[in-house]
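Visitor: Questions regarding the structure given below will be posed in turn.
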Amino acid sequence: MILYQGNIFENHQQKHMLKTLRQDCYDTLANEESLSINEVIDACDKLAQQVKSGMYNDLILPLLEEFDIPYDYFLTHLPMFEKPSLLKKVEIELGKDYDAISDLDDENIKKRYPLGILFHIAAGNVDALPAYSVIEGLLAGNINILKLPSGDRGVSVKLLSELIKIEPKIKPYIYVFDVPSTEIETLKYFAEIADAIVVWGGDGAIKAARSMATVTTKIIEWGHKLSFAYATLDASDEDLEGLAHHMAMTDQVLCSSAQGIFVDTDSREELDKFAERYFNIFAEANKKHKPVPYGMKSKNALQLYYEELEAKDSKKKIWKKDGISVMTSDDSKLELSMMFRSIWIKMLPKNQIIHQLKPYKNHLQTVGLLTDNSQFEELKNILIKTGVTRITKGSDMSRIIVGESHDGVYPLTLYSRIVETYKYSEVN
Amino acid sequence: MKRRYVRKLFRTKKIYDFSKTDDLFIKAMRENAIHHYQNCEDYKRILDEAEFDPYQIKTMEDVINIPFLPTLYFKHHELFSKPLWKMPIKATSSGTSTGFRSKIAMSIGDLWRGFQMVRRIFSYHKLWSIRPVTYLIFGYQPTKHSQAGIMKTAYGFTYVAPAKKRVYGIRWTKTGYEVDLELIKQEMIKAAKKNSPIRTIGFPAYTYFLLKEMEAEGIKLQMPKGSKITLGGGWKQFYAEKVDKFEFYRLVKDVLGIDEENCVEFFGAVEHPILYTDCRNHHFHVPVYSRVIIRDPETFKPVKNGQIGLINLITPMVEGTPLLSVMTDDLGVLHEGCICGEKSPWLEIIGRVGIKDITTCAQGAEELLKE
């Protein structure tokens, strides 16, 4: 499906659309009237109200079901797209005077402008993400070309075309194509038109984007991240329980999901004692969540059985029950867990944190810090130096707060540029 | 040690007559277990750690309790129960996403048993023919560059009927292996105008994609009488496409003019070299040479027939590598009763464990880190 200036076309009409795309984008830029932030915010707000009223439930309910997201949870997050939240986001990211002209010095003024044209390469792991990426582009005032991920089920096109119905001014700012990743020439063409490529996804996607961009195209990367928990031996049961619920709910599949727990100790004995304590809390918390999907449970069961066969040499120790497991080992390596509630617990004394984790720098994201008041500041400061961008309670690792940064930076700032102009009258 | 019972088992004439071979099967399993226990240090350690005594295998219950080895174990360990120089076949599994391959060795005796098995199974399924055929192989051209087991199987299979010629879909070129399905398509078009039948060999997915393409191009052929489509390597690649087997047979009939009864599918694995062949109902009956146990992923206890679980494959066939009880990465169901008349249970393969195409951001990050 193609969405081109508010109209929906079939994929086989793509050739025709491509012929006019550059011209149409440039015409929009040439148009004196540009899209204002407030118009975009108002349109999003209206769309959010319609979603809230149940207008799109036939589209949204199956998605929630598939990702095991309770409807209530969804509703509590919907206000993120309402006016007060979007205004807050814009003000935090672009500053309170986001639309104002201000003096740079006596002879020069400065103002924020959109980059111009963004080419979004969206990832396929969250259904509405491609639409979200475009909305961020719109908020900064940009024209947006979107390449849908393979296997897209039409949610993004639906949401974006509804947005256009609400605010027809947005029409010439959205172009959605269903081009496969193998159609390199077309993607290069998009990249060549755009001021920046906004790429979401793993190594493959990011490498591909880098290879497509000419020197005149900027690349904005939202790559994959790893997150973990850090606990001192005296972490409270309550904190561990919060982390356990987080682990059971997110199944280690999000960038912000804890893959495992580093414990502030260099004693394997202490580590195993801690692991056993955590395992019992985890198993108890898990009872309140949906069971691990059958296929994933089976996959992990085989992997764990294999680890048990190797345990004599590998020195790994495993606790397992009801499809969840905890595994300790002698190393301090940050790694992906088996996911789906089979996690690792490793030793990492605080004086080793930077040495072990700094090499991962830009791939680190959230740390769930579980400790008492006296050590919080010290540990926080050490962890920040490794490159992480968020420190939360164990229970809150995947929480969403309006106005928070995305992997340590503000997207709207990246989608904008500051232009300085001399004051014409002063010079003459 | 004498291999009395294993030999006898592989001489069984009625290949799906399950009930009469239970006792023989158990004895052959004990024989095979003791052989590996005595000759493979790693295997001895595994049984000792599990406190399992191979000399005490007396019932089917004992066979079920033999510690199984997951295929993953063979990807990380080379287990051999005979000196390597005595083993003519060293096969590896086709690579998986982890990049590790199983290494399995087979002795001359293993090959002889394999040959007897294949001979009987092919006779039963009427696959032998003296008419020369053109083999169209959706797979690798054998070269010294690869030891993949599936390639050896495919090549071996080209002797079932005399080969007029062999055409490979994945050919060795100066720059490595390259897929060339167009060549197979052209051969099919040529073959339709001649008398000698064709036999295709290969993954269902490749065969399907090529036929689909030919259908889209409006190609409708009538292959010479006696032509067969043979498939191996599983339908795993199909899960995303959700292709129904019957849609596949329809396509074969429409594009090549070959009837459903001439579509034969095989199932097997490097770690379990028993040949499973589908009956006219397209069911994989378990032959007398092996047993299949479906296990609950949490307790590893066998589940009732008709219920889903992990597929554990059991056979005393191989003396080169301890493959007597292998746990696959597949989920499946064992069914009873089939209108083809065979009494032995049949195995339905549901698919690989894990959601294969899951895209998660954390996983991607790790892949990046490894580079």
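In the structure tokens, chains take the letters A, B, ... in the order shown, each chain's residues start at 1, and ligands count up from 1 in the order shown.
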Write out as number ranges by chain all residues of segment 298-379 of chain A that backbone DSSP assigns to strand (DSSP E or B).

Guide: A: 317-321, 324-328, 339, 342-347, 364-370

Visitor: For the residues in the current selection, export N, CA and C atoms as a CSV table (one decimal), in the first residue's frame.

Guide:
chain,number,residue,atom,x,y,z
A,317,LYS,N,25.5,-22.4,36.9
A,317,LYS,CA,24.5,-23.0,37.8
A,317,LYS,C,23.1,-22.5,37.4
A,318,ILE,N,22.2,-23.4,37.4
A,318,ILE,CA,20.8,-23.1,36.8
A,318,ILE,C,19.7,-23.4,37.8
A,319,TRP,N,18.8,-22.4,38.0
A,319,TRP,CA,17.6,-22.6,38.7
A,319,TRP,C,16.5,-22.5,37.7
A,320,LYS,N,15.5,-23.5,37.7
A,320,LYS,CA,14.4,-23.4,36.7
A,320,LYS,C,13.1,-23.9,37.3
A,321,LYS,N,12.1,-23.4,36.7
A,321,LYS,CA,10.7,-23.8,37.2
A,321,LYS,C,9.7,-23.1,36.3
A,324,ILE,N,10.6,-20.6,33.5
A,324,ILE,CA,11.5,-19.4,33.7
A,324,ILE,C,12.8,-20.0,34.3
A,325,SER,N,13.9,-19.2,34.2
A,325,SER,CA,15.1,-19.7,34.8
A,325,SER,C,16.1,-18.6,35.0
A,326,VAL,N,17.0,-18.9,35.9
A,326,VAL,CA,18.1,-18.0,36.3
A,326,VAL,C,19.4,-18.8,36.2
A,327,MET,N,20.4,-18.2,35.6
A,327,MET,CA,21.7,-18.9,35.5
A,327,MET,C,22.9,-18.0,35.9
A,328,THR,N,23.7,-18.6,36.8
A,328,THR,CA,24.9,-17.8,37.2
A,328,THR,C,26.2,-18.5,36.6
A,339,MET,N,16.3,-14.8,26.7
A,339,MET,CA,15.0,-14.1,26.5
A,339,MET,C,13.9,-15.0,27.0
A,342,SER,N,14.3,-16.4,30.7
A,342,SER,CA,15.5,-17.1,31.1
A,342,SER,C,16.6,-16.1,31.1
A,343,ILE,N,17.1,-15.7,32.3
A,343,ILE,CA,18.0,-14.6,32.4
A,343,ILE,C,19.3,-15.0,33.1
A,344,TRP,N,20.3,-14.1,33.1
A,344,TRP,CA,21.6,-14.4,33.7
A,344,TRP,C,21.8,-13.5,35.0
A,345,ILE,N,22.6,-14.0,35.9
A,345,ILE,CA,23.0,-13.2,37.0
A,345,ILE,C,24.5,-13.4,37.2
A,346,LYS,N,25.2,-12.3,37.2
A,346,LYS,CA,26.7,-12.4,37.1
A,346,LYS,C,27.3,-11.4,38.2
A,347,MET,N,28.6,-11.7,38.5
A,347,MET,CA,29.3,-10.9,39.4
A,347,MET,C,29.9,-9.7,38.7
A,364,LEU,N,24.6,0.7,25.3
A,364,LEU,CA,24.0,0.5,26.6
A,364,LEU,C,22.8,1.5,26.6
A,365,GLN,N,21.7,1.1,27.3
A,365,GLN,CA,20.6,2.0,27.5
A,365,GLN,C,20.2,2.1,28.9
A,366,THR,N,19.3,1.2,29.4
A,366,THR,CA,18.8,1.4,30.8
A,366,THR,C,19.4,0.5,31.8
A,367,VAL,N,19.6,1.1,33.0
A,367,VAL,CA,20.1,0.3,34.1
A,367,VAL,C,19.0,0.4,35.2
A,368,GLY,N,18.5,-0.8,35.7
A,368,GLY,CA,17.7,-0.8,36.8
A,368,GLY,C,18.6,-0.9,38.0
A,369,LEU,N,18.7,0.1,38.8
A,369,LEU,CA,19.6,0.1,40.0
A,369,LEU,C,18.9,-0.2,41.2
A,370,LEU,N,19.4,-1.3,41.9
A,370,LEU,CA,18.7,-1.8,43.1
A,370,LEU,C,19.7,-1.8,44.2

Visitor: Env of segment 253-258 of chain B: 6 Å cut, atoms = only C-alpha atoms, seq-sep filter 6 positions within chain, self excluded. Answer as a VMD selection string.

Guide: chain B and resid 220 to 223

Visitor: For the selection you just gave me, I'd like the residues written to a file as a PDB file, in the first residue's frame, keeping C-alpha atoms.

Guide:
ATOM      1  CA  LYS B 220       1.844 -25.226 -18.117  1.00  0.00           C
ATOM      2  CA  LEU B 221       3.803 -28.384 -18.842  1.00  0.00           C
ATOM      3  CA  GLN B 222       3.069 -32.088 -19.060  1.00  0.00           C
ATOM      4  CA  MET B 223       6.019 -34.044 -17.731  1.00  0.00           C
TER       5      MET B 223
END

Visitor: What lies within 9 Å of segment 130-135 of chain A using only C-alpha atoms, ignoring chain neighbours under 4 positions off, as an MDAnalysis selection string?

Guide: chainID A and resid 40 44 118 120:124 126 139:140 142:149 155:157 159:160 174 198

Visitor: Residues of chain A that have any atom at most 9 Å from an atom of chain B: could you tabulate them with the shortest-distance atom pair and the distance in Å to one decimal, using only C-alpha atoms, ordered by chain and increasing number, as a tab-separated table?

Guide:
residue	atom	partner	partner_atom	distance
A:Ala123	CA	B:Thr359	CA	8.6
A:Gly124	CA	B:Thr359	CA	7.1
A:Asn125	CA	B:Thr359	CA	5.5
A:Gly201	CA	B:Cys361	CA	6.8
A:Gly202	CA	B:Gly364	CA	4.7
A:Asp203	CA	B:Leu368	CA	5.6
A:Gly204	CA	B:Gly364	CA	8.7
A:Gly223	CA	B:Ala365	CA	7.4
A:His224	CA	B:Cys361	CA	4.5
A:Lys225	CA	B:Ala365	CA	5.3
A:Leu226	CA	B:Ala362	CA	5.2
A:Ser227	CA	B:Ala362	CA	7.8
A:Gln252	CA	B:Ala362	CA	7.6
A:Val253	CA	B:Thr360	CA	5.2
A:Leu254	CA	B:Cys361	CA	5.9
A:Cys255	CA	B:Ala362	CA	5.0
A:Ser256	CA	B:Ala362	CA	8.1
A:Ser257	CA	B:Ala362	CA	7.9
A:Gln259	CA	B:Ala362	CA	8.4
A:Pro293	CA	B:Gly354	CA	8.8
A:Tyr294	CA	B:Gly354	CA	8.2
A:Gly295	CA	B:Gly354	CA	4.6
A:Met296	CA	B:Gly354	CA	4.4
A:Lys297	CA	B:Pro297	CA	7.1
A:Ser298	CA	B:Pro297	CA	5.1
A:Lys299	CA	B:Val353	CA	5.0
A:Asn300	CA	B:Gly354	CA	8.2
A:Ala301	CA	B:Pro297	CA	6.1
A:Leu302	CA	B:Pro70	CA	6.9
A:Gln303	CA	B:Leu72	CA	7.9
A:Tyr305	CA	B:Pro70	CA	7.9
A:Tyr306	CA	B:Tyr73	CA	6.5
A:Leu309	CA	B:Ile46	CA	7.2
A:Glu310	CA	B:Tyr73	CA	8.9
A:Lys321	CA	B:Glu298	CA	8.0
A:Asp322	CA	B:Glu298	CA	7.1
A:Gly323	CA	B:Glu298	CA	6.6
A:Glu335	CA	B:Glu366	CA	6.9
A:Leu336	CA	B:Glu366	CA	6.3
A:Ser337	CA	B:Gln363	CA	8.8
A:Tyr360	CA	B:Leu369	CA	7.6
A:His363	CA	B:Ala365	CA	6.7

Visitor: Please, which residues of segment 114-192 of chain A, numbered as in this document, come out alpha helix (DSSP H) from DSSP, as a ChimeraX atom specification?

Guide: /A:129-139,155-166,184-192

Visitor: Would you output that residue set with N, CA and C atoms, as a tab-separated table (two decimals), in the first residue's frame?

Guide:
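Heads up, here's the output in out_15.tsv:
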chain	number	residue	atom	x	y	z
A	129	LEU	N	5.12	1.77	15.23
A	129	LEU	CA	6.36	2.55	15.30
A	129	LEU	C	6.63	3.38	14.04
A	130	PRO	N	6.42	2.82	12.85
A	130	PRO	CA	6.67	3.64	11.65
A	130	PRO	C	5.85	4.94	11.67
A	131	ALA	N	4.58	4.86	12.10
A	131	ALA	CA	3.74	6.06	12.17
A	131	ALA	C	4.29	7.02	13.21
A	132	TYR	N	4.77	6.47	14.33
A	132	TYR	CA	5.31	7.31	15.39
A	132	TYR	C	6.52	8.09	14.89
A	133	SER	N	7.37	7.42	14.14
A	133	SER	CA	8.57	8.07	13.62
A	133	SER	C	8.18	9.24	12.70
A	134	VAL	N	7.16	9.02	11.88
A	134	VAL	CA	6.69	10.08	10.98
A	134	VAL	C	6.10	11.25	11.78
A	135	ILE	N	5.37	10.93	12.84
A	135	ILE	CA	4.77	12.00	13.66
A	135	ILE	C	5.87	12.87	14.28
A	136	GLU	N	6.95	12.23	14.73
A	136	GLU	CA	8.07	13.02	15.26
A	136	GLU	C	8.66	13.93	14.18
A	137	GLY	N	8.74	13.38	12.97
A	137	GLY	CA	9.25	14.18	11.85
A	137	GLY	C	8.34	15.37	11.58
A	138	LEU	N	7.02	15.13	11.64
A	138	LEU	CA	6.04	16.20	11.41
A	138	LEU	C	6.13	17.27	12.49
A	139	LEU	N	6.31	16.81	13.75
A	139	LEU	CA	6.37	17.77	14.86
A	139	LEU	C	7.49	18.79	14.65
A	155	VAL	N	-1.20	-0.82	9.78
A	155	VAL	CA	-1.60	0.03	10.89
A	155	VAL	C	-1.09	1.46	10.68
A	156	SER	N	0.19	1.55	10.26
A	156	SER	CA	0.79	2.88	10.10
A	156	SER	C	0.08	3.70	9.03
A	157	VAL	N	-0.19	3.07	7.89
A	157	VAL	CA	-0.86	3.79	6.81
A	157	VAL	C	-2.25	4.26	7.27
A	158	LYS	N	-2.92	3.38	7.98
A	158	LYS	CA	-4.26	3.72	8.47
A	158	LYS	C	-4.21	4.95	9.40
A	159	LEU	N	-3.30	4.90	10.38
A	159	LEU	CA	-3.21	6.01	11.34
A	159	LEU	C	-2.82	7.31	10.64
A	160	LEU	N	-1.86	7.22	9.74
A	160	LEU	CA	-1.40	8.45	9.08
A	160	LEU	C	-2.47	9.02	8.14
A	161	SER	N	-3.23	8.14	7.48
A	161	SER	CA	-4.26	8.70	6.60
A	161	SER	C	-5.40	9.30	7.42
A	162	GLU	N	-5.66	8.78	8.61
A	162	GLU	CA	-6.66	9.40	9.50
A	162	GLU	C	-6.18	10.79	9.93
A	163	LEU	N	-4.89	10.87	10.22
A	163	LEU	CA	-4.31	12.14	10.64
A	163	LEU	C	-4.49	13.19	9.54
A	164	ILE	N	-4.31	12.75	8.30
A	164	ILE	CA	-4.48	13.66	7.17
A	164	ILE	C	-5.93	14.10	7.02
A	165	LYS	N	-6.85	13.15	7.28
A	165	LYS	CA	-8.28	13.50	7.20
A	165	LYS	C	-8.59	14.61	8.20
A	166	ILE	N	-7.99	14.51	9.39
A	166	ILE	CA	-8.25	15.50	10.43
A	166	ILE	C	-7.64	16.85	10.05
A	184	ILE	N	17.17	-1.71	-3.80
A	184	ILE	CA	18.18	-0.74	-3.38
A	184	ILE	C	18.09	0.57	-4.15
A	185	GLU	N	17.87	0.48	-5.47
A	185	GLU	CA	17.89	1.70	-6.28
A	185	GLU	C	16.82	2.70	-5.83
A	186	THR	N	15.62	2.16	-5.54
A	186	THR	CA	14.54	3.04	-5.07
A	186	THR	C	14.90	3.66	-3.73
A	187	LEU	N	15.46	2.85	-2.84
A	187	LEU	CA	15.82	3.37	-1.51
A	187	LEU	C	16.90	4.45	-1.64
A	188	LYS	N	17.84	4.21	-2.55
A	188	LYS	CA	18.90	5.21	-2.76
A	188	LYS	C	18.29	6.52	-3.27
A	189	TYR	N	17.27	6.37	-4.09
A	189	TYR	CA	16.59	7.55	-4.63
A	189	TYR	C	15.93	8.34	-3.50
A	190	PHE	N	15.25	7.64	-2.59
A	190	PHE	CA	14.67	8.32	-1.42
A	190	PHE	C	15.76	9.03	-0.62
A	191	ALA	N	16.85	8.29	-0.38
A	191	ALA	CA	17.94	8.83	0.44
A	191	ALA	C	18.53	10.07	-0.21
A	192	GLU	N	18.53	10.04	-1.52
A	192	GLU	CA	19.14	11.15	-2.25
A	192	GLU	C	18.26	12.40	-2.16

Visitor: Would you mind listing what lies within 7 Å of Phe266 of chain B as a list in words, with only C-alpha atoms counted and same-chain residues fewer than 5 positions away left out?

Guide: Leu231, Gly232, Leu275, Tyr276, Thr277 and Asp278 of chain B

Visitor: Create the file for the chosen residues now, containing C-alpha atoms and written as a CSV table (one decimal), in the first residue's frame.

Guide:
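After the write, selection-v9.csv holds the following:
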chain,number,residue,atom,x,y,z
B,231,LEU,CA,11.1,-33.3,-1.4
B,232,GLY,CA,13.4,-33.3,1.6
B,275,LEU,CA,14.7,-42.2,6.4
B,276,TYR,CA,11.1,-41.2,7.0
B,277,THR,CA,9.0,-41.3,3.8
B,278,ASP,CA,5.4,-40.1,3.5

Visitor: Using only C-alpha atoms, pick whichever of A:Asp372, A:Asp396, A:Asp45, A:Glu33 has the shortest atom-to-atom distance to Ala229 of chain A.

Guide: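 The shortest atom-to-atom distance to Ala229 of chain A comes from A:Asp396.
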
Visitor: Which residue gives the smallest distance to Gly226 of chain B among B:Leu127, B:Ala269, B:Ile121, B:Val303, with only C-alpha atoms counted?

Guide: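 Of B:Leu127, B:Ala269, B:Ile121, B:Val303, the one nearest Gly226 of chain B is B:Leu127, counting only C-alpha atoms.
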
Visitor: Between A:Glu39, A:Glu65, A:Asp97, A:Glu82, which is the closest to Val51 of chain A once you count only C-alpha atoms?

Guide: A:Glu82

Visitor: So how far away is atom CA of Lys20 of chain B from atom CA of Cys340 of chain B, in Å?

Guide: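 Computing the Euclidean distance for atom CA of Cys340 of chain B and atom CA of Lys20 of chain B yields 19.3 Å.
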
Visitor: List the spatial neighbours of Lys290 of chain A as a list in words - criterion: any atom at most 12 Å away, only C-alpha atoms, same-chain residues fewer than 4 positions off excluded.

Guide: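 Answer for this query is Glu65, Phe67, Asp68, Ile69, Pro70, His245, Ala248, Met249, Thr250, Asp251, Ala285, Asn286, Tyr294, Asp322, Gly323, Ile324, Phe340 and Arg341 of chain A.
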
Visitor: Could you save the residues just selected, with C-alpha atoms, as a compact mmCIF listing (two decimals), in the first residue's frame?

Guide:
# COMPACT_ATOMS: atom_id res chain seq x y z
CA GLU A 65 -3.90 -9.02 22.19
CA PHE A 67 1.58 -8.21 22.20
CA ASP A 68 -0.14 -9.07 25.45
CA ILE A 69 -0.75 -5.43 26.32
CA PRO A 70 -3.75 -4.87 28.61
CA HIS A 245 7.63 -8.22 37.33
CA ALA A 248 8.18 -11.30 33.32
CA MET A 249 6.27 -8.56 31.52
CA THR A 250 8.81 -7.55 28.88
CA ASP A 251 10.35 -10.99 28.19
CA ALA A 285 6.04 -12.89 40.60
CA ASN A 286 5.80 -14.91 37.39
CA TYR A 294 5.13 -22.61 24.22
CA ASP A 322 7.49 -23.11 35.26
CA GLY A 323 9.34 -22.14 32.08
CA ILE A 324 11.49 -19.45 33.73
CA PHE A 340 11.50 -15.05 27.49
CA ARG A 341 12.26 -15.16 31.19

Visitor: With only C-alpha atoms as the counted atoms, please give the residues lying no more than 12 Å from Glu41 of chain B, apart from itself and same-chain residues fewer than 3 positions off, as a list in words.

Guide: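 The neighbour list is His35, His36, Tyr37, Gln38, Lys44, Arg45, Ile46, Leu47, Asp48, His77, Glu78, Leu79, Phe80, Ser81, Lys82, Thr321 and Pro322 of chain B.
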
Visitor: Work out how far apart atom CA of Ile189 of chain B and atom CA of Ile219 of chain B are and give it in Å to one decimal.

Guide: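 We find that atom CA of Ile189 of chain B and atom CA of Ile219 of chain B lie 8.8 Å from each other.
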
Visitor: May I have the residues within 12 Å of Leu64 of chain A as a CSV table (one decimal) with C-alpha atoms, in the first residue's frame, using only C-alpha atoms and disregarding those fewer than 4 positions away in the same chain?

Guide:
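Written output follows (out-v8.csv):
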chain,number,residue,atom,x,y,z
A,57,ASN,CA,-10.8,-0.7,18.2
A,58,ASP,CA,-11.1,-3.2,15.3
A,59,LEU,CA,-7.6,-2.3,14.4
A,60,ILE,CA,-6.1,-1.8,17.8
A,68,ASP,CA,-0.1,-9.1,25.5
A,69,ILE,CA,-0.7,-5.4,26.3
A,70,PRO,CA,-3.8,-4.9,28.6
A,71,TYR,CA,-6.3,-2.4,27.2
A,72,ASP,CA,-6.1,-0.3,30.4
A,73,TYR,CA,-2.3,0.0,30.1
A,74,PHE,CA,-2.8,1.1,26.5
A,75,LEU,CA,-5.4,3.7,27.6
A,126,VAL,CA,6.4,-2.7,16.9
A,127,ASP,CA,3.4,-2.2,14.7
A,128,ALA,CA,2.7,1.5,15.1

Visitor: Work out how far atom CA of Asp42 of chain A is from atom CA of Arg417 of chain A, in Å to one decimal.

Guide: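 These two atoms are separated by 23.1 Å.
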